[in-house]
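Q: The file below is run01.cif, mmCIF, C-alpha atoms:
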```
data_model
#
loop_
_atom_site.group_PDB
_atom_site.id
_atom_site.type_symbol
_atom_site.label_atom_id
_atom_site.label_comp_id
_atom_site.auth_asym_id
_atom_site.auth_seq_id
_atom_site.Cartn_x
_atom_site.Cartn_y
_atom_site.Cartn_z
ATOM 1 C CA MET A 19 105.314 133.545 83.920
ATOM 2 C CA GLY A 20 102.596 131.018 83.017
ATOM 3 C CA ALA A 21 101.242 128.405 85.360
ATOM 4 C CA THR A 22 102.091 124.815 84.677
ATOM 5 C CA ALA A 23 99.577 122.018 84.736
ATOM 6 C CA PRO A 24 99.898 119.545 87.581
ATOM 7 C CA ARG A 25 101.789 116.408 86.643
ATOM 8 C CA ARG A 26 99.541 113.441 85.929
ATOM 9 C CA GLN A 27 99.947 110.721 88.530
ATOM 10 C CA ARG A 28 100.998 107.491 86.875
ATOM 11 C CA SER A 29 99.308 104.433 88.205
ATOM 12 C CA LYS A 30 101.606 102.154 90.154
ATOM 13 C CA LYS A 31 100.712 99.338 87.745
ATOM 14 C CA ASP A 32 101.986 101.360 84.771
ATOM 15 C CA GLU A 33 105.197 102.285 86.585
ATOM 16 C CA GLN A 34 105.890 98.751 87.816
ATOM 17 C CA GLU A 35 105.063 97.049 84.542
ATOM 18 C CA PHE A 36 106.502 99.473 82.022
ATOM 19 C CA GLY A 37 108.946 101.775 83.825
ATOM 20 C CA LEU A 38 109.480 105.302 82.577
ATOM 21 C CA ALA A 39 107.803 106.396 79.343
ATOM 22 C CA LYS A 40 109.496 105.363 76.119
ATOM 23 C CA LYS A 41 108.876 106.212 72.484
ATOM 24 C CA GLU A 42 107.177 102.940 71.722
ATOM 25 C CA PHE A 43 103.683 101.628 71.352
ATOM 26 C CA ILE A 44 102.541 98.585 73.266
ATOM 27 C CA ILE A 45 99.365 96.828 72.184
ATOM 28 C CA CYS A 46 97.618 94.335 74.431
ATOM 29 C CA PRO A 47 96.710 91.301 72.293
ATOM 30 C CA ASN A 48 93.755 90.503 74.579
ATOM 31 C CA CYS A 49 91.832 93.775 74.879
ATOM 32 C CA GLU A 50 93.602 95.834 72.174
ATOM 33 C CA SER A 51 94.378 98.681 74.600
ATOM 34 C CA VAL A 52 97.401 100.712 73.519
ATOM 35 C CA PHE A 53 100.146 102.151 75.710
ATOM 36 C CA PHE A 54 101.744 105.405 74.523
ATOM 37 C CA ASP A 55 102.283 108.926 75.886
ATOM 38 C CA LYS A 56 102.729 107.439 79.386
ATOM 39 C CA ALA A 57 99.206 105.971 79.572
ATOM 40 C CA TRP A 58 96.942 103.212 78.325
ATOM 41 C CA HIS A 59 94.350 104.214 75.751
ATOM 42 C CA TYR A 60 91.140 102.416 74.877
ATOM 43 C CA SER A 61 92.021 101.684 71.268
ATOM 44 C CA LEU A 62 94.396 102.860 68.602
ATOM 45 C CA GLU A 63 91.586 103.579 66.136
ATOM 46 C CA LYS A 64 90.462 106.679 68.056
ATOM 47 C CA ASP A 65 94.002 107.973 68.558
ATOM 48 C CA ILE A 66 95.466 107.283 65.101
ATOM 49 C CA LYS A 67 94.861 110.820 63.769
ATOM 50 C CA HIS A 68 96.378 112.329 66.914
ATOM 51 C CA LEU A 69 99.480 110.199 66.440
ATOM 52 C CA GLU A 70 99.784 110.913 62.716
ATOM 53 C CA ASN A 71 99.427 114.662 63.307
ATOM 54 C CA ARG A 72 102.409 114.457 65.655
ATOM 55 C CA GLY A 73 104.418 112.648 63.011
ATOM 56 C CA SER A 74 104.437 109.409 64.982
ATOM 57 C CA ARG A 75 104.917 106.186 63.107
ATOM 58 C CA PHE A 76 104.713 102.687 64.429
ATOM 59 C CA LYS A 77 108.451 102.065 64.430
ATOM 60 C CA ASN A 78 108.602 100.702 67.952
ATOM 61 C CA LEU A 79 105.517 98.541 68.151
ATOM 62 C CA LYS A 80 105.362 95.773 70.747
ATOM 63 C CA PHE A 81 102.701 93.356 71.900
ATOM 64 C CA LYS A 82 102.399 92.747 75.624
ATOM 65 C CA ILE A 83 99.527 91.888 77.936
ATOM 66 C CA CYS A 84 98.301 94.998 79.753
ATOM 67 C CA PRO A 85 98.199 95.137 83.573
ATOM 68 C CA ALA A 86 94.424 94.631 83.737
ATOM 69 C CA CYS A 87 94.475 91.562 81.470
ATOM 70 C CA ARG A 88 97.431 90.231 83.478
ATOM 71 C CA MET A 89 95.378 90.598 86.678
ATOM 72 C CA GLU A 90 92.502 88.704 85.068
ATOM 73 C CA LYS A 91 94.842 85.937 83.905
ATOM 74 C CA ASP A 92 96.579 85.682 87.298
ATOM 75 C CA LYS A 93 93.246 85.832 89.168
ATOM 76 C CA THR A 94 94.358 88.864 91.186
ATOM 77 C CA PHE A 95 92.201 91.906 91.927
ATOM 78 C CA GLU A 96 92.151 95.157 93.887
ATOM 79 C CA GLY A 97 88.434 95.562 94.466
ATOM 80 C CA GLU A 98 85.820 93.055 95.550
ATOM 81 C CA LEU A 99 82.090 93.737 95.638
ATOM 82 C CA VAL A 100 79.890 91.109 97.261
ATOM 83 C CA ILE A 101 76.190 91.523 96.524
ATOM 84 C CA THR A 102 73.834 89.490 98.701
ATOM 85 C CA LEU A 103 70.206 89.365 97.587
ATOM 86 C CA SER A 104 67.278 88.383 99.771
ATOM 87 C CA LYS A 105 64.793 85.863 98.304
ATOM 88 C CA GLU A 106 62.321 88.676 97.598
ATOM 89 C CA LYS A 107 64.916 90.649 95.611
ATOM 90 C CA LEU A 108 66.224 87.781 93.428
ATOM 91 C CA THR A 109 63.831 88.927 90.690
ATOM 92 C CA GLU A 110 65.924 92.117 90.339
ATOM 93 C CA LYS A 111 69.176 90.217 89.714
ATOM 94 C CA ASN A 112 69.298 91.068 85.989
ATOM 95 C CA GLU A 113 68.806 94.784 86.676
ATOM 96 C CA ILE A 114 71.614 94.692 89.246
ATOM 97 C CA ILE A 115 73.941 92.935 86.788
ATOM 98 C CA ASN A 116 73.093 95.604 84.187
ATOM 99 C CA VAL A 117 74.183 98.339 86.633
ATOM 100 C CA VAL A 118 77.471 96.466 87.152
ATOM 101 C CA LYS A 119 78.026 96.054 83.385
ATOM 102 C CA ASN A 120 77.184 99.707 82.661
ATOM 103 C CA SER A 121 79.589 100.811 85.385
ATOM 104 C CA ASP A 122 82.249 98.614 83.772
ATOM 105 C CA LYS A 123 81.670 100.262 80.360
ATOM 106 C CA GLN A 124 81.907 103.745 81.865
ATOM 107 C CA ALA A 125 85.100 102.888 83.752
ATOM 108 C CA ARG A 126 86.756 101.359 80.668
ATOM 109 C CA ALA A 127 85.840 104.406 78.568
ATOM 110 C CA HIS A 128 87.578 106.635 81.109
ATOM 111 C CA ASP A 129 90.599 104.367 81.669
ATOM 112 C CA PRO A 130 90.986 100.966 79.980
ATOM 113 C CA MET A 131 92.838 99.623 83.044
ATOM 114 C CA ASP A 132 89.748 100.197 85.240
ATOM 115 C CA ARG A 133 87.414 97.288 84.669
ATOM 116 C CA VAL A 134 85.378 94.452 86.071
ATOM 117 C CA LEU A 135 87.699 91.477 85.767
ATOM 118 C CA TRP A 136 85.104 88.774 86.328
ATOM 119 C CA ILE A 137 81.762 88.086 88.007
ATOM 120 C CA GLU A 138 80.974 84.972 90.050
ATOM 121 C CA TYR A 139 77.480 83.748 90.891
ATOM 122 C CA GLU A 140 76.614 81.450 93.757
ATOM 123 C CA GLY A 141 73.024 81.128 94.946
ATOM 124 C CA ASN A 142 71.807 84.518 96.128
ATOM 125 C CA GLU A 143 75.312 86.014 96.068
ATOM 126 C CA ILE A 144 77.073 87.867 93.260
ATOM 127 C CA ARG A 145 80.807 88.523 93.582
ATOM 128 C CA VAL A 146 82.284 91.238 91.344
ATOM 129 C CA LEU A 147 86.089 91.540 91.171
ATOM 130 C CA THR A 148 87.675 94.708 89.785
ATOM 131 C CA SER A 149 91.113 95.855 88.676
ATOM 132 C CA GLU A 150 90.887 99.063 90.718
ATOM 133 C CA ASN A 151 89.692 99.207 94.305
ATOM 134 C CA GLN A 152 87.741 102.430 93.815
ATOM 135 C CA LEU A 153 85.710 100.877 90.995
ATOM 136 C CA ALA A 154 84.226 98.374 93.465
ATOM 137 C CA VAL A 155 83.320 101.293 95.764
ATOM 138 C CA ARG A 156 81.789 103.251 92.872
ATOM 139 C CA ILE A 157 79.647 100.303 91.758
ATOM 140 C CA GLY A 158 78.511 99.670 95.351
ATOM 141 C CA LYS A 159 77.460 103.312 95.712
ATOM 142 C CA LYS A 160 75.594 103.210 92.387
ATOM 143 C CA LEU A 161 73.695 100.121 93.527
ATOM 144 C CA GLU A 162 72.849 101.737 96.846
ATOM 145 C CA SER A 163 71.566 104.817 95.024
ATOM 146 C CA ALA A 164 69.610 102.927 92.338
ATOM 147 C CA PHE A 165 68.002 100.312 94.597
ATOM 148 C CA LYS A 166 66.617 101.820 97.787
ATOM 149 C CA GLY A 167 66.547 99.672 100.898
ATOM 150 C CA GLY A 168 69.971 98.033 100.693
ATOM 151 C CA THR A 169 72.874 98.425 103.093
ATOM 152 C CA LEU A 170 76.391 99.230 101.929
ATOM 153 C CA GLU A 171 79.545 98.465 103.890
ATOM 154 C CA ILE A 172 83.057 99.329 102.730
ATOM 155 C CA LYS A 173 86.046 97.617 104.357
ATOM 156 C CA HIS A 174 89.586 98.846 103.811
ATOM 157 C CA SER A 175 92.403 96.422 104.532
ATOM 158 C CA HIS A 176 95.632 97.504 106.203
ATOM 159 C CA GLU A 177 97.500 94.352 105.099
ATOM 160 C CA GLU A 178 96.711 94.518 101.382
ATOM 161 C CA ASP A 179 95.569 96.961 98.686
ATOM 162 C CA VAL A 180 92.193 95.248 98.313
ATOM 163 C CA ILE A 181 88.976 97.059 99.228
ATOM 164 C CA ARG A 182 86.001 94.863 99.992
ATOM 165 C CA VAL A 183 82.513 96.264 99.481
ATOM 166 C CA PHE A 184 79.424 94.478 100.762
ATOM 167 C CA TRP A 185 75.939 95.398 99.575
ATOM 168 C CA LYS A 186 72.961 93.562 101.029
ATOM 169 C CA TYR A 187 69.622 94.004 99.338
#
```
Show the structure stored in the file as structure tokens.

A:
Amino acid sequence: MGATAPRRQRSKKDEQEFGLAKKEFIICPNCESVFFDKAWHYSLEKDIKHLENRGSRFKNLKFKICPACRMEKDKTFEGELVITLSKEKLTEKNEIINVVKNSDKQARAHDPMDRVLWIEYEGNEIRVLTSENQLAVRIGKKLESAFKGGTLEIKHSHEEDVIRVFWKY
């Protein structure tokens, strides 16, 4: 008797927003992510051959904003990274932003629902808000690793699903 693969955990956003898997395709008009086979995919262009080989046609095609774009529109988030720079380190701000943007690209390539929703700048502080709480943690750890001398603090909340990450450099 062969072993079966473990069942893929569906994100709670997918389950809440779209229910059980259906034989339809949902395209987000904002980011062009596509929902099929129980998951969001980065774009239909890469998956079109896979779908055609399975005999799938676009009979049940719908347009609906994906959970990550909805979060951005509603100004909600699951991860918050607050970067505080000392006056001496302000010159490295662009490099730090590049690390954040590269982390965003990597996360989106892995799962289009994992992303940096928006970045806010105020004086020596940069606030990065993410759609997944672990993405904020991952970016904070990358910054700590790339820029020696900073301090990283991760705060989990018991009242909400938001993780707050503070990196002082």

Q: Quick one: apply the PyMOL selection byres ((chain A and resi 164-181) around 9) to the file and drop the selected residues here as a list in words.

A: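 After applying the PyMOL selection byres ((chain A and resi 164-181) around 9), what remains is Phe95, Glu96, Gly97, Glu98, Leu99, Ile114, Val117, Glu150, Asn151, Gln152, Ala154, Val155, Gly158, Lys159, Lys160, Leu161, Glu162, Ser163, Arg182, Val183, Phe184, Trp185, Lys186 and Tyr187 of chain A.
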
Q: What is the atom CA of Lys91 of chain A to atom CA of Asn48 of chain A distance in Å?

A: 10.4 Å

Q: Report the distance between atom CA of Glu90 of chain A and atom CA of Glu110 of chain A in Å, rounded to one decimal place.

A: 27.3 Å

Q: Might you spell out which residues the PyMOL selection byres ((chain A and resi 125) around 12) would select in the displayed file, as a PDB file with C-alpha atoms, in the frame of the given file?

A:
```
ATOM      1  CA  TYR A  60      91.140 102.416  74.877  1.00  0.00           C
ATOM      2  CA  VAL A 118      77.471  96.466  87.152  1.00  0.00           C
ATOM      3  CA  LYS A 119      78.026  96.054  83.385  1.00  0.00           C
ATOM      4  CA  ASN A 120      77.184  99.707  82.661  1.00  0.00           C
ATOM      5  CA  SER A 121      79.589 100.811  85.385  1.00  0.00           C
ATOM      6  CA  ASP A 122      82.249  98.614  83.772  1.00  0.00           C
ATOM      7  CA  LYS A 123      81.670 100.262  80.360  1.00  0.00           C
ATOM      8  CA  GLN A 124      81.907 103.745  81.865  1.00  0.00           C
ATOM      9  CA  ARG A 126      86.756 101.359  80.668  1.00  0.00           C
ATOM     10  CA  ALA A 127      85.840 104.406  78.568  1.00  0.00           C
ATOM     11  CA  HIS A 128      87.578 106.635  81.109  1.00  0.00           C
ATOM     12  CA  ASP A 129      90.599 104.367  81.669  1.00  0.00           C
ATOM     13  CA  PRO A 130      90.986 100.966  79.980  1.00  0.00           C
ATOM     14  CA  MET A 131      92.838  99.623  83.044  1.00  0.00           C
ATOM     15  CA  ASP A 132      89.748 100.197  85.240  1.00  0.00           C
ATOM     16  CA  ARG A 133      87.414  97.288  84.669  1.00  0.00           C
ATOM     17  CA  VAL A 134      85.378  94.452  86.071  1.00  0.00           C
ATOM     18  CA  LEU A 135      87.699  91.477  85.767  1.00  0.00           C
ATOM     19  CA  THR A 148      87.675  94.708  89.785  1.00  0.00           C
ATOM     20  CA  SER A 149      91.113  95.855  88.676  1.00  0.00           C
ATOM     21  CA  GLU A 150      90.887  99.063  90.718  1.00  0.00           C
ATOM     22  CA  GLN A 152      87.741 102.430  93.815  1.00  0.00           C
ATOM     23  CA  LEU A 153      85.710 100.877  90.995  1.00  0.00           C
ATOM     24  CA  ALA A 154      84.226  98.374  93.465  1.00  0.00           C
ATOM     25  CA  ARG A 156      81.789 103.251  92.872  1.00  0.00           C
ATOM     26  CA  ILE A 157      79.647 100.303  91.758  1.00  0.00           C
TER      27      ILE A 157
END
```

Q: Could you please determine the separation between atom CA of Phe81 of chain A and atom CA of Cys46 of chain A in Å, to one decimal place?

A: 5.8 Å

Q: Using the chain letters and numbers from the file, give me the residues hit by the PyMOL selection byres ((chain A and resi 139-142) around 8), as a PyMOL selection string.

A: chain A and resi 102-105+108+137-138+143-145

Q: When distances are computed from all atoms listed in the file, which of A:Leu79, A:Ile115, A:Val100, A:Val52 shows the smallest separation from Leu147 of chain A?

A: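 Going through A:Leu79, A:Ile115, A:Val100, A:Val52 one by one, the smallest distance to Leu147 of chain A is for A:Val100.
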
Q: The centre and edge lengths of an axis-aligned box containing all atoms of segment 170-183 of chain A present in the file, extended by 4 Å on each side, are to be given in Å to one decimal, as AutoDock Vina command-line options.

A:
```
--center_x 86.9 --center_y 96.8 --center_z 102.3 --size_x 29.1 --size_y 13.0 --size_z 15.9
```
